[in-house]
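Student: Take a look at this one; I'll ask things after.
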Amino acid sequence: MSYVIQAAGMTDIGLVRKNNEDNFGYDLRHGIFVVCDGMGGQQAGELASKIAVDTVLGYYREAPDTTSDGVPRFQGVSERAAALASAIQLANQAIHEAGAKDVNVAGMGSTIVAVVVEGNQFSIANVGDSRIYLIRKNEVAQLTQDHSLVMEQVRRGLMTLEEAENSRMQNVIVRALGTDDTVEPDLADHELSSEDVLLLCSDGLSRYVNEDRMAQAVQEDSLEQACHELIEAAKAGGSDDNITCLVIRATPPSWKDRFFGRLSPQSGQKSST
């Protein structure tokens, strides 16, 4: 079954930072959704995250068939996920090359989380510590694993999750776009159910909003209102970073959608830049 996909996104400079290094973008026509958190300071972080978002969206808008034989193979995932990985690798290359050409932004990088939806299936990819959550019937599941120093220690049994959440090293990430000439995103395939919600967010939100509050916010009929509530919850929780969220909802098609064949929007795009 195909679903009607609704989406809304919002980014906020937050309470402490003087500039916003987060970016997000999505294109409903192509079913692609992206959130990035730049690093490198001011101009560099903003530029890196913008390059990442623009490159991934551009890949889908310019490629007529992202599941063609020309897409590199990645073991254990669908061609849809492999295409997403290819887009992210192009973004990595673009950031790396831009940093090499301009000493003022040398070493810049960005996290990325991305979702591509096709029918009742979706694929995800991530690099860094931005996150994707699936909210299904008020149950919240984190679909991504942080590429951070503290979470690597947790996975190796050298640190507890509680210790990681209270560590001063939370912001140290071990994988990012642009810092090397190649990158390997984590990839996975999933199936949508009716009224599923996907939340993509930067760590300025995920570190300060608990899962119960996430589930509560996305119950709003308006996804724009849900984004607003999530950002305000992050601020109330003491977030000292930029805050970005992108919310996606899968709804069953109405009889009008079925009659006119509108199983997905014919147009629609949004970017924070």
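Residues are referred to by chain and number: the chain letter is A, B, ... according to the order shown in the structure tokens, the number counts from 1 in that chain, and ligands are numbered separately from 1 in the order shown.
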Skipping near chain neighbours, those fewer than 6 positions away, what residues fall within 9 Å of Ile173 of chain A using only C-alpha atoms, listed as a PyMOL selection string?
Tutor: chain A and resi 111+128-129+146-150
Student: Could you take the residues named above and write them with N, CA, C and O atoms, as a compact mmCIF listing (two decimals), in the first residue's frame?
Tutor:
```txt
# COMPACT_ATOMS: atom_id res chain seq x y z
N THR A 111 27.30 16.39 9.96
CA THR A 111 26.55 15.15 10.14
C THR A 111 25.46 15.11 9.08
O THR A 111 25.18 16.11 8.41
N GLY A 128 27.43 10.49 11.60
CA GLY A 128 27.51 11.44 12.71
C GLY A 128 26.51 11.15 13.80
O GLY A 128 26.07 10.01 13.98
N ASP A 129 26.11 12.20 14.54
CA ASP A 129 25.25 11.98 15.70
C ASP A 129 23.87 12.63 15.60
O ASP A 129 23.16 12.72 16.60
N ASP A 146 24.53 6.64 16.91
CA ASP A 146 25.42 7.80 16.86
C ASP A 146 26.85 7.36 16.55
O ASP A 146 27.36 6.40 17.13
N HIS A 147 27.49 8.11 15.66
CA HIS A 147 28.92 7.92 15.41
C HIS A 147 29.68 8.92 16.28
O HIS A 147 30.31 9.85 15.80
N SER A 148 29.58 8.71 17.59
CA SER A 148 30.22 9.61 18.55
C SER A 148 31.20 8.82 19.41
O SER A 148 31.09 7.60 19.56
N LEU A 149 32.14 9.53 20.00
CA LEU A 149 33.15 8.88 20.83
C LEU A 149 32.51 8.15 22.01
O LEU A 149 32.84 7.01 22.31
N VAL A 150 31.56 8.81 22.68
CA VAL A 150 30.98 8.19 23.87
C VAL A 150 30.13 6.98 23.51
O VAL A 150 30.13 5.97 24.24
```
Student: I'd like the contact shell of segment 233-239 of chain A - 9 Å cut-off, only C-alpha atoms, skipping same-chain residues fewer than 5 positions apart - returned as an MDAnalysis selection string.
Tutor: chainID A and resid 14:16 204:209 213 228
Student: Could you write those residues out with N, CA and C atoms, as a PDB file, in the first residue's frame?
Tutor:
```
ATOM      1  N   GLY A  14      18.617  28.585  18.476  1.00  0.00           N
ATOM      2  CA  GLY A  14      18.759  28.194  19.873  1.00  0.00           C
ATOM      3  C   GLY A  14      19.022  29.374  20.784  1.00  0.00           C
ATOM      4  N   LEU A  15      19.361  29.076  22.024  1.00  0.00           N
ATOM      5  CA  LEU A  15      19.474  30.102  23.058  1.00  0.00           C
ATOM      6  C   LEU A  15      20.889  30.600  23.287  1.00  0.00           C
ATOM      7  N   VAL A  16      21.886  29.912  22.715  1.00  0.00           N
ATOM      8  CA  VAL A  16      23.278  30.230  23.034  1.00  0.00           C
ATOM      9  C   VAL A  16      24.085  30.633  21.802  1.00  0.00           C
ATOM     10  N   GLY A 204      21.012  18.904  18.950  1.00  0.00           N
ATOM     11  CA  GLY A 204      20.495  19.993  19.762  1.00  0.00           C
ATOM     12  C   GLY A 204      19.082  19.736  20.234  1.00  0.00           C
ATOM     13  N   LEU A 205      18.403  18.804  19.582  1.00  0.00           N
ATOM     14  CA  LEU A 205      17.071  18.372  20.022  1.00  0.00           C
ATOM     15  C   LEU A 205      17.144  17.033  20.751  1.00  0.00           C
ATOM     16  N   SER A 206      17.821  16.056  20.156  1.00  0.00           N
ATOM     17  CA  SER A 206      17.765  14.697  20.712  1.00  0.00           C
ATOM     18  C   SER A 206      18.368  14.594  22.105  1.00  0.00           C
ATOM     19  N   ARG A 207      19.351  15.438  22.425  1.00  0.00           N
ATOM     20  CA  ARG A 207      19.983  15.349  23.738  1.00  0.00           C
ATOM     21  C   ARG A 207      19.166  16.020  24.838  1.00  0.00           C
ATOM     22  N   TYR A 208      18.095  16.736  24.456  1.00  0.00           N
ATOM     23  CA  TYR A 208      17.367  17.520  25.454  1.00  0.00           C
ATOM     24  C   TYR A 208      15.867  17.237  25.490  1.00  0.00           C
ATOM     25  N   VAL A 209      15.381  16.391  24.602  1.00  0.00           N
ATOM     26  CA  VAL A 209      13.952  16.065  24.572  1.00  0.00           C
ATOM     27  C   VAL A 209      13.813  14.554  24.725  1.00  0.00           C
ATOM     28  N   ARG A 213       8.183  12.892  25.304  1.00  0.00           N
ATOM     29  CA  ARG A 213       7.804  14.226  24.797  1.00  0.00           C
ATOM     30  C   ARG A 213       7.765  14.232  23.276  1.00  0.00           C
ATOM     31  N   HIS A 228       7.302  22.992  16.133  1.00  0.00           N
ATOM     32  CA  HIS A 228       7.422  24.111  17.071  1.00  0.00           C
ATOM     33  C   HIS A 228       7.499  23.609  18.513  1.00  0.00           C
TER      34      HIS A 228
END
```
Student: Quick one: of A:Ser78, A:Asp240, A:Cys245, A:Leu198, who's nearest to Lys18 of chain A, counting only C-alpha atoms?
Tutor: A:Asp240
Student: Excluding Asp22 of chain A and residues on its chain fewer than 3 positions from it, collect all residues at most 8 Å away from it, counting only C-alpha atoms, and give them as a PyMOL selection string.
Tutor: chain A and resi 11+35-38+45-46+49+202+242-244
Student: With only C-alpha atoms as the atoms that count, which of A:Gly25, A:Arg80, A:Ile124, A:His96 lies nearest to Ala44 of chain A?
Tutor: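 Closest to Ala44 of chain A of all the choices is A:His96.
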Student: Any chance you could list, as JSON, numbers by chain, the residues in segment 68-201 of chain A that come up strand (DSSP E) when DSSP is run on the backbone?
Tutor: {"A": [109, 110, 111, 112, 113, 114, 115, 116, 117, 118, 121, 122, 123, 124, 125, 126, 127, 131, 132, 133, 134, 135, 136, 139, 140, 141, 142, 186, 187, 188, 189, 190, 191, 197, 198, 199, 200, 201]}
Student: What does the distance between atom CA of Glu211 of chain A and atom CA of Gln145 of chain A come to in Å, to one decimal place?
Tutor: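 Distance reported for this atom pair: 15.5 Å.
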Student: Going by DSSP on the backbone, which residues of segment 48-143 of chain A come out as alpha helix (DSSP H)? List them as a PyMOL selection string.
Tutor: chain A and resi 48-62+79-101
Student: Tell me which protein, DNA and RNA residues are within 8 Å of segment 53-58 of chain A, counting only C-alpha atoms, leaving out same-chain ones fewer than 6 positions away, and put them as a list in words.
Tutor: Asn23, Phe24, Gly25, Tyr26, Asp27, Ile32, Val34, Val35, Cys36, Ala87, Ile88, Leu90, Ala91 and Ala94 of chain A
Student: Keeping only N, CA and C atoms, write the selected residues as a PDB file, in the first residue's frame.
Tutor:
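Output file selection.pdb is given in full below:
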```pdb
ATOM      1  N   ASN A  23      21.094  22.622   8.860  1.00  0.00           N
ATOM      2  CA  ASN A  23      20.299  22.806   7.648  1.00  0.00           C
ATOM      3  C   ASN A  23      19.394  21.600   7.466  1.00  0.00           C
ATOM      4  N   PHE A  24      18.272  21.807   6.809  1.00  0.00           N
ATOM      5  CA  PHE A  24      17.411  20.683   6.454  1.00  0.00           C
ATOM      6  C   PHE A  24      16.791  20.962   5.099  1.00  0.00           C
ATOM      7  N   GLY A  25      16.301  19.930   4.478  1.00  0.00           N
ATOM      8  CA  GLY A  25      15.600  20.091   3.212  1.00  0.00           C
ATOM      9  C   GLY A  25      14.820  18.829   2.893  1.00  0.00           C
ATOM     10  N   TYR A  26      13.790  18.989   2.083  1.00  0.00           N
ATOM     11  CA  TYR A  26      13.055  17.806   1.630  1.00  0.00           C
ATOM     12  C   TYR A  26      12.346  18.102   0.330  1.00  0.00           C
ATOM     13  N   ASP A  27      12.027  17.052  -0.396  1.00  0.00           N
ATOM     14  CA  ASP A  27      11.314  17.149  -1.662  1.00  0.00           C
ATOM     15  C   ASP A  27      10.288  16.022  -1.697  1.00  0.00           C
ATOM     16  N   ILE A  32      12.448  12.478  -0.633  1.00  0.00           N
ATOM     17  CA  ILE A  32      13.752  12.559   0.017  1.00  0.00           C
ATOM     18  C   ILE A  32      13.720  13.624   1.111  1.00  0.00           C
ATOM     19  N   VAL A  34      16.141  15.314   4.480  1.00  0.00           N
ATOM     20  CA  VAL A  34      17.522  15.406   4.955  1.00  0.00           C
ATOM     21  C   VAL A  34      17.638  16.412   6.099  1.00  0.00           C
ATOM     22  N   VAL A  35      18.427  16.073   7.130  1.00  0.00           N
ATOM     23  CA  VAL A  35      18.811  17.002   8.191  1.00  0.00           C
ATOM     24  C   VAL A  35      20.326  16.900   8.370  1.00  0.00           C
ATOM     25  N   CYS A  36      20.993  18.053   8.455  1.00  0.00           N
ATOM     26  CA  CYS A  36      22.442  18.099   8.625  1.00  0.00           C
ATOM     27  C   CYS A  36      22.818  19.097   9.717  1.00  0.00           C
ATOM     28  N   ALA A  87      24.267   9.255  -2.986  1.00  0.00           N
ATOM     29  CA  ALA A  87      24.026  10.700  -2.837  1.00  0.00           C
ATOM     30  C   ALA A  87      24.848  11.261  -1.691  1.00  0.00           C
ATOM     31  N   ILE A  88      24.933  10.525  -0.603  1.00  0.00           N
ATOM     32  CA  ILE A  88      25.693  10.995   0.560  1.00  0.00           C
ATOM     33  C   ILE A  88      27.190  11.014   0.271  1.00  0.00           C
ATOM     34  N   LEU A  90      28.498  11.591  -2.611  1.00  0.00           N
ATOM     35  CA  LEU A  90      28.702  12.791  -3.432  1.00  0.00           C
ATOM     36  C   LEU A  90      28.750  14.041  -2.554  1.00  0.00           C
ATOM     37  N   ALA A  91      27.893  14.094  -1.546  1.00  0.00           N
ATOM     38  CA  ALA A  91      27.903  15.237  -0.623  1.00  0.00           C
ATOM     39  C   ALA A  91      29.224  15.302   0.131  1.00  0.00           C
ATOM     40  N   ALA A  94      31.828  16.698  -2.195  1.00  0.00           N
ATOM     41  CA  ALA A  94      31.648  18.130  -2.437  1.00  0.00           C
ATOM     42  C   ALA A  94      32.154  18.964  -1.262  1.00  0.00           C
TER      43      ALA A  94
END
```
Student: Show me, as a PyMOL selection string, the residues that have an atom within 6 Å of Asp196 of chain A when counting only C-alpha atoms, minus same-chain residues fewer than 5 positions from it.
Tutor: chain A and resi 136+249-250
